[in-house]
$ cat coords21.cif   # mmCIF, C-alpha atoms; chains and numbers go by the auth columns
data_model
loop_
_atom_site.group_PDB
_atom_site.id
_atom_site.type_symbol
_atom_site.label_atom_id
_atom_site.label_comp_id
_atom_site.label_asym_id
_atom_site.label_seq_id
_atom_site.Cartn_x
_atom_site.Cartn_y
_atom_site.Cartn_z
_atom_site.B_iso_or_equiv
_atom_site.auth_seq_id
_atom_site.auth_asym_id
ATOM 1 C CA MET A 1 44.766 70.558 228.268 0.00 116 A
ATOM 2 C CA ASP A 2 46.658 73.856 228.441 0.00 117 A
ATOM 3 C CA HIS A 3 45.696 75.590 231.677 0.00 118 A
ATOM 4 C CA PHE A 4 47.820 78.672 230.983 0.00 119 A
ATOM 5 C CA GLY A 5 45.136 80.105 228.711 0.00 120 A
ATOM 6 C CA ASP A 6 42.308 79.107 231.005 0.00 121 A
ATOM 7 C CA ASP A 7 40.156 82.071 232.014 0.00 122 A
ATOM 8 C CA THR A 8 37.662 80.056 234.057 0.00 123 A
ATOM 9 C CA PRO A 9 37.433 81.673 237.527 0.00 124 A
ATOM 10 C CA VAL A 10 37.478 78.709 239.894 0.00 125 A
ATOM 11 C CA TYR A 11 40.069 79.282 242.649 0.00 126 A
ATOM 12 C CA VAL A 12 39.172 80.973 245.928 0.00 127 A
ATOM 13 C CA ILE A 13 41.781 83.362 247.300 0.00 128 A
ATOM 14 C CA SER A 14 43.347 80.831 249.703 0.00 129 A
ATOM 15 C CA VAL A 15 43.906 78.312 246.888 0.00 130 A
ATOM 16 C CA ALA A 16 45.140 81.046 244.515 0.00 131 A
ATOM 17 C CA ALA A 17 47.585 82.182 247.201 0.00 132 A
ATOM 18 C CA GLN A 18 48.862 78.647 247.654 0.00 133 A
ATOM 19 C CA LEU A 19 49.185 78.049 243.892 0.00 134 A
ATOM 20 C CA SER A 20 50.998 81.345 243.333 0.00 135 A
ATOM 21 C CA GLY A 21 53.185 81.109 246.432 0.00 136 A
ATOM 22 C CA LEU A 22 51.916 84.452 247.715 0.00 137 A
ATOM 23 C CA HIS A 23 50.085 85.531 250.857 0.00 138 A
ATOM 24 C CA PRO A 24 46.329 86.181 250.477 0.00 139 A
ATOM 25 C CA GLN A 25 46.892 89.771 251.640 0.00 140 A
ATOM 26 C CA THR A 26 49.356 90.237 248.757 0.00 141 A
ATOM 27 C CA LEU A 27 46.659 89.053 246.348 0.00 142 A
ATOM 28 C CA ARG A 28 44.231 91.576 247.842 0.00 143 A
ATOM 29 C CA THR A 29 46.843 94.325 247.413 0.00 144 A
ATOM 30 C CA TYR A 30 47.463 93.348 243.793 0.00 145 A
ATOM 31 C CA ASP A 31 43.701 93.401 243.199 0.00 146 A
ATOM 32 C CA ARG A 32 43.352 96.832 244.836 0.00 147 A
ATOM 33 C CA LEU A 33 46.216 98.172 242.672 0.00 148 A
ATOM 34 C CA GLY A 34 44.653 96.712 239.515 0.00 149 A
ATOM 35 C CA LEU A 35 47.551 94.333 238.805 0.00 150 A
ATOM 36 C CA VAL A 36 45.426 91.169 238.860 0.00 151 A
ATOM 37 C CA SER A 37 41.671 91.622 239.106 0.00 152 A
ATOM 38 C CA PRO A 38 39.929 88.286 239.609 0.00 153 A
ATOM 39 C CA ASP A 39 36.275 87.718 238.853 0.00 154 A
ATOM 40 C CA ARG A 40 33.824 88.109 241.712 0.00 155 A
ATOM 41 C CA THR A 41 31.029 85.857 242.900 0.00 156 A
ATOM 42 C CA ALA A 42 27.569 87.234 243.643 0.00 157 A
ATOM 43 C CA GLY A 43 28.702 87.514 247.281 0.00 158 A
ATOM 44 C CA ARG A 44 31.777 89.534 246.135 0.00 159 A
ATOM 45 C CA GLY A 45 34.227 86.714 246.832 0.00 160 A
ATOM 46 C CA ARG A 46 37.276 86.626 244.570 0.00 161 A
ATOM 47 C CA ARG A 47 37.606 83.776 242.072 0.00 162 A
ATOM 48 C CA TYR A 48 40.948 83.400 240.318 0.00 163 A
ATOM 49 C CA SER A 49 41.555 81.671 236.991 0.00 164 A
ATOM 50 C CA MET A 50 44.692 79.775 235.991 0.00 165 A
ATOM 51 C CA ARG A 51 45.606 82.796 233.852 0.00 166 A
ATOM 52 C CA ASP A 52 45.397 84.931 237.024 0.00 167 A
ATOM 53 C CA ILE A 53 47.676 82.472 238.859 0.00 168 A
ATOM 54 C CA VAL A 54 50.251 82.661 236.052 0.00 169 A
ATOM 55 C CA MET A 55 50.035 86.465 236.163 0.00 170 A
ATOM 56 C CA LEU A 56 50.545 86.477 239.946 0.00 171 A
ATOM 57 C CA ARG A 57 53.671 84.356 239.523 0.00 172 A
ATOM 58 C CA GLU A 58 54.979 86.715 236.836 0.00 173 A
ATOM 59 C CA ILE A 59 54.377 89.759 239.037 0.00 174 A
ATOM 60 C CA GLN A 60 56.286 88.074 241.842 0.00 175 A
ATOM 61 C CA ARG A 61 59.140 87.214 239.460 0.00 176 A
ATOM 62 C CA LEU A 62 59.363 90.772 238.127 0.00 177 A
ATOM 63 C CA SER A 63 59.355 92.109 241.663 0.00 178 A
ATOM 64 C CA GLN A 64 61.849 89.713 243.228 0.00 179 A
ATOM 65 C CA GLU A 65 64.171 88.746 240.366 0.00 180 A
ATOM 66 C CA GLU A 66 64.090 91.940 238.301 0.00 181 A
ATOM 67 C CA GLY A 67 63.707 94.390 241.199 0.00 182 A
ATOM 68 C CA ILE A 68 60.809 96.238 239.563 0.00 183 A
ATOM 69 C CA ASN A 69 58.422 98.087 241.873 0.00 184 A
ATOM 70 C CA LEU A 70 54.651 97.579 241.654 0.00 185 A
ATOM 71 C CA ALA A 71 54.065 100.820 239.727 0.00 186 A
ATOM 72 C CA GLY A 72 56.587 99.667 237.130 0.00 187 A
ATOM 73 C CA ILE A 73 55.008 96.221 236.982 0.00 188 A
ATOM 74 C CA LYS A 74 51.569 97.780 236.476 0.00 189 A
ATOM 75 C CA HIS A 75 52.961 99.816 233.576 0.00 190 A
ATOM 76 C CA ILE A 76 54.612 96.711 232.057 0.00 191 A
ATOM 77 C CA LEU A 77 51.336 94.767 232.288 0.00 192 A
ATOM 78 C CA GLU A 78 49.391 97.610 230.675 0.00 193 A
ATOM 79 C CA LEU A 79 51.915 97.766 227.828 0.00 194 A
ATOM 80 C CA GLN A 80 51.696 93.984 227.380 0.00 195 A
ATOM 81 C CA ARG A 81 47.895 94.166 227.222 0.00 196 A
ATOM 82 C CA ASP A 82 48.048 97.045 224.715 0.00 197 A
ATOM 83 C CA ASN A 83 50.624 95.135 222.675 0.00 198 A
ATOM 84 C CA GLN A 84 48.400 92.041 222.568 0.00 199 A
ATOM 85 C CA ARG A 85 45.351 94.121 221.641 0.00 200 A
ATOM 86 C CA LEU A 86 47.323 95.735 218.801 0.00 201 A
ATOM 87 C CA ARG A 87 48.605 92.340 217.612 0.00 202 A
ATOM 88 C CA ASP A 88 45.033 91.015 217.555 0.00 203 A
ATOM 89 C CA GLU A 89 43.850 94.092 215.659 0.00 204 A
ATOM 90 C CA LEU A 90 46.730 93.747 213.185 0.00 205 A
ATOM 91 C CA ALA A 91 45.855 90.086 212.604 0.00 206 A
ATOM 92 C CA ARG A 92 42.205 91.026 211.949 0.00 207 A
ATOM 93 C CA LEU A 93 43.256 93.799 209.550 0.00 208 A
ATOM 94 C CA ARG A 94 45.639 91.474 207.705 0.00 209 A
ATOM 95 C CA ALA A 95 42.860 88.907 207.316 0.00 210 A
ATOM 96 C CA THR A 96 40.503 91.601 206.002 0.00 211 A
ATOM 97 C CA LEU A 97 43.167 92.890 203.623 0.00 212 A
ATOM 98 C CA GLU A 98 43.823 89.351 202.355 0.00 213 A
ATOM 99 C CA GLU A 99 40.094 88.843 201.799 0.00 214 A
ATOM 100 C CA LEU A 100 39.773 92.151 199.948 0.00 215 A
ATOM 101 C CA SER A 101 42.870 91.368 197.887 0.00 216 A
ATOM 102 C CA ASN A 102 41.379 88.013 196.869 0.00 217 A
ATOM 103 C CA GLU A 103 38.094 89.684 195.940 0.00 218 A
ATOM 104 C CA LEU A 104 39.980 92.288 193.901 0.00 219 A
ATOM 105 C CA GLU A 105 41.933 89.599 192.038 0.00 220 A
ATOM 106 C CA SER A 106 38.707 87.752 191.329 0.00 221 A
ATOM 107 C CA THR A 107 37.100 90.961 190.055 0.00 222 A
ATOM 108 C CA ARG A 108 40.137 91.700 187.872 0.00 223 A
ATOM 109 C CA ALA A 109 39.943 88.212 186.376 0.00 224 A
ATOM 110 C CA VAL A 110 36.280 88.713 185.491 0.00 225 A
ATOM 111 C CA ALA A 111 37.031 92.179 184.058 0.00 226 A
ATOM 112 C CA ALA A 112 39.892 90.786 181.959 0.00 227 A
ATOM 113 C CA ARG A 113 37.664 88.014 180.639 0.00 228 A
ATOM 114 C CA LEU A 114 34.932 90.528 179.724 0.00 229 A
ATOM 115 C CA ALA A 115 37.471 92.880 178.110 0.00 230 A
ATOM 116 C CA GLY A 116 38.716 89.968 176.018 0.00 231 A
ATOM 117 C CA GLN A 117 35.184 89.211 174.912 0.00 232 A
ATOM 118 C CA LEU A 118 34.646 92.864 173.955 0.00 233 A
ATOM 119 C CA ARG A 119 37.866 92.889 171.909 0.00 234 A
ATOM 120 C CA ARG A 120 36.685 89.797 170.069 0.00 235 A
ATOM 121 C CA GLY A 121 33.316 91.466 169.441 0.00 236 A
ATOM 122 C CA ARG A 122 31.363 89.031 171.568 0.00 237 A
ATOM 123 C CA THR A 123 28.303 89.932 173.553 0.00 238 A
ATOM 124 C CA GLY A 124 27.373 89.271 177.177 0.00 239 A
ATOM 125 C CA PRO A 125 26.632 85.848 178.668 0.00 240 A
ATOM 126 C CA THR A 126 22.899 86.138 177.945 0.00 241 A
ATOM 127 C CA GLY A 127 23.450 87.104 174.326 0.00 242 A
ATOM 128 C CA GLY A 128 22.631 90.783 174.844 0.00 243 A
ATOM 129 C CA ASP A 129 24.959 93.725 175.040 0.00 244 A
ATOM 130 C CA LEU A 130 27.413 93.907 177.916 0.00 245 A
ATOM 131 C CA VAL A 131 26.235 96.185 180.694 0.00 246 A
ATOM 132 C CA PRO A 132 28.844 98.287 182.504 0.00 247 A
ATOM 133 C CA ILE A 133 29.209 97.635 186.216 0.00 248 A
ATOM 134 C CA ARG A 134 29.681 100.603 188.506 0.00 249 A
ATOM 135 C CA GLN A 135 33.073 100.955 190.103 0.00 250 A
ATOM 136 C CA ALA A 136 33.423 99.941 193.718 0.00 251 A
ATOM 137 C CA SER A 137 35.704 101.625 196.220 0.00 252 A
ATOM 138 C CA VAL A 138 37.246 100.113 199.317 0.00 253 A
ATOM 139 C CA ALA A 139 38.082 102.199 202.374 0.00 254 A
ATOM 140 C CA LEU A 140 40.193 100.988 205.277 0.00 255 A
ATOM 141 C CA TRP A 141 40.008 102.736 208.600 0.00 256 A
ATOM 142 C CA ARG A 142 41.196 102.261 212.109 0.00 257 A
ATOM 143 C CA GLU A 143 39.587 103.156 215.374 0.00 258 A
ATOM 144 C CA ARG A 144 41.181 106.138 217.086 0.00 259 A
ATOM 145 C CA ASN A 145 42.552 105.577 220.521 0.00 260 A
ATOM 146 C CA ASP A 146 42.234 108.859 222.423 0.00 261 A
ATOM 147 C CA ARG A 147 44.156 107.450 225.419 0.00 262 A
ATOM 148 C CA THR A 148 47.517 108.100 223.762 0.00 263 A
#

$ encode --input "coords21.cif" --output "structure tokens"
Amino acid sequence: MDHFGDDTPVYVISVAAQLSGLHPQTLRTYDRLGLVSPDRTAGRGRRYSMRDIVMLREIQRLSQEEGINLAGIKHILELQRDNQRLRDELARLRATLEELSNELESTRAVAARLAGQLRRGRTGPTGGDLVPIRQASVALWRERNDRT
């Protein structure tokens, strides 16, 4: 089982501190700064997920090995989240475009078959005259992001 993608909030702050190699006060600071915001219990106790632990380790690495200050790290994390959100949106749009493209090809095939029947002087599938189908339009849009 891959725990790196696990979002289940199960670790209390002392265990999360031990797993991440950080002091509990550092975890509280990161939470206060919005770097890693664990889920809360009904009694307001922090519960960290394995994804949070991985993020804590990455923050520590960026700070110690790369020399990036916490404000810079926060900006990096925000950009990573935005990047992932945009990748997810792009994947959804590509899937929608593929679906619409397939529908269009299917519609073109039917139209070509009907046009061939008309050229040969044949009538519709029920024996009556062919009935024109109204044209359909497809519009693609994207949600505006007023934060930029």

$ residues_around --input "coords21.cif" --residues "stretch 178-191 of chain A" --least-positions-apart "3" --cutoff "10 Å" --atoms "all atoms listed in the file" --output "ChimeraX atom specification"
/A:145,148-151,172-175,194-197

$ atom_distance --input "coords21.cif" --atom1 "atom CA of A:Thr123" --atom2 "atom CA of A:Ser164"
5.1 Å

$ resolve_selection --input "coords21.cif" --expression "the PyMOL selection byres ((chain A and resi 161) around 12)" --output "list in words"
Pro124, Val125, Tyr126, Val127, Ile128, Ser129, Val130, Ala131, Ala132, Pro139, Leu142, Arg143, Asp146, Arg147, Val151, Ser152, Pro153, Asp154, Arg155, Thr156, Ala157, Gly158, Arg159, Gly160, Arg162, Tyr163, Ser164 and Asp167 of chain A

$ write_last_selection --input "coords21.cif" --atoms "C-alpha atoms" --output "PDB file, in the frame of the given file"
ATOM      1  CA  PRO A 124      37.433  81.673 237.527  1.00  0.00           C
ATOM      2  CA  VAL A 125      37.478  78.709 239.894  1.00  0.00           C
ATOM      3  CA  TYR A 126      40.069  79.282 242.649  1.00  0.00           C
ATOM      4  CA  VAL A 127      39.172  80.973 245.928  1.00  0.00           C
ATOM      5  CA  ILE A 128      41.781  83.362 247.300  1.00  0.00           C
ATOM      6  CA  SER A 129      43.347  80.831 249.703  1.00  0.00           C
ATOM      7  CA  VAL A 130      43.906  78.312 246.888  1.00  0.00           C
ATOM      8  CA  ALA A 131      45.140  81.046 244.515  1.00  0.00           C
ATOM      9  CA  ALA A 132      47.585  82.182 247.201  1.00  0.00           C
ATOM     10  CA  PRO A 139      46.329  86.181 250.477  1.00  0.00           C
ATOM     11  CA  LEU A 142      46.659  89.053 246.348  1.00  0.00           C
ATOM     12  CA  ARG A 143      44.231  91.576 247.842  1.00  0.00           C
ATOM     13  CA  ASP A 146      43.701  93.401 243.199  1.00  0.00           C
ATOM     14  CA  ARG A 147      43.352  96.832 244.836  1.00  0.00           C
ATOM     15  CA  VAL A 151      45.426  91.169 238.860  1.00  0.00           C
ATOM     16  CA  SER A 152      41.671  91.622 239.106  1.00  0.00           C
ATOM     17  CA  PRO A 153      39.929  88.286 239.609  1.00  0.00           C
ATOM     18  CA  ASP A 154      36.275  87.718 238.853  1.00  0.00           C
ATOM     19  CA  ARG A 155      33.824  88.109 241.712  1.00  0.00           C
ATOM     20  CA  THR A 156      31.029  85.857 242.900  1.00  0.00           C
ATOM     21  CA  ALA A 157      27.569  87.234 243.643  1.00  0.00           C
ATOM     22  CA  GLY A 158      28.702  87.514 247.281  1.00  0.00           C
ATOM     23  CA  ARG A 159      31.777  89.534 246.135  1.00  0.00           C
ATOM     24  CA  GLY A 160      34.227  86.714 246.832  1.00  0.00           C
ATOM     25  CA  ARG A 162      37.606  83.776 242.072  1.00  0.00           C
ATOM     26  CA  TYR A 163      40.948  83.400 240.318  1.00  0.00           C
ATOM     27  CA  SER A 164      41.555  81.671 236.991  1.00  0.00           C
ATOM     28  CA  ASP A 167      45.397  84.931 237.024  1.00  0.00           C
TER      29      ASP A 167
END

$ atom_distance --input "coords21.cif" --atom1 "atom CA of A:Glu214" --atom2 "atom CA of A:Leu233"
28.7 Å

$ closest_residue --input "coords21.cif" --among "A:Leu255, A:Leu134, A:Leu229, A:Ala224" --to "A:Met165" --atoms "only C-alpha atoms"
A:Leu134

$ atom_distance --input "coords21.cif" --atom1 "atom CA of A:Ala206" --atom2 "atom CA of A:Asp122"
21.8 Å

$ axis_aligned_box --input "coords21.cif" --around "stretch 168-177 of chain A" --padding-each-side "8 Å" --output "JSON"
{"center_x": 53.5, "center_y": 86.6, "center_z": 238.9, "size_x": 27.7, "size_y": 24.3, "size_z": 21.8}

$ closest_residue --input "coords21.cif" --among "A:Thr141, A:Trp256, A:Ser135, A:Glu220" --to "A:Glu204" --atoms "all atoms listed in the file"
A:Trp256

$ closest_residue --input "coords21.cif" --among "A:Leu212, A:Leu201, A:Leu137, A:Ala226" --to "A:Val169" --atoms "only C-alpha atoms"
A:Leu137
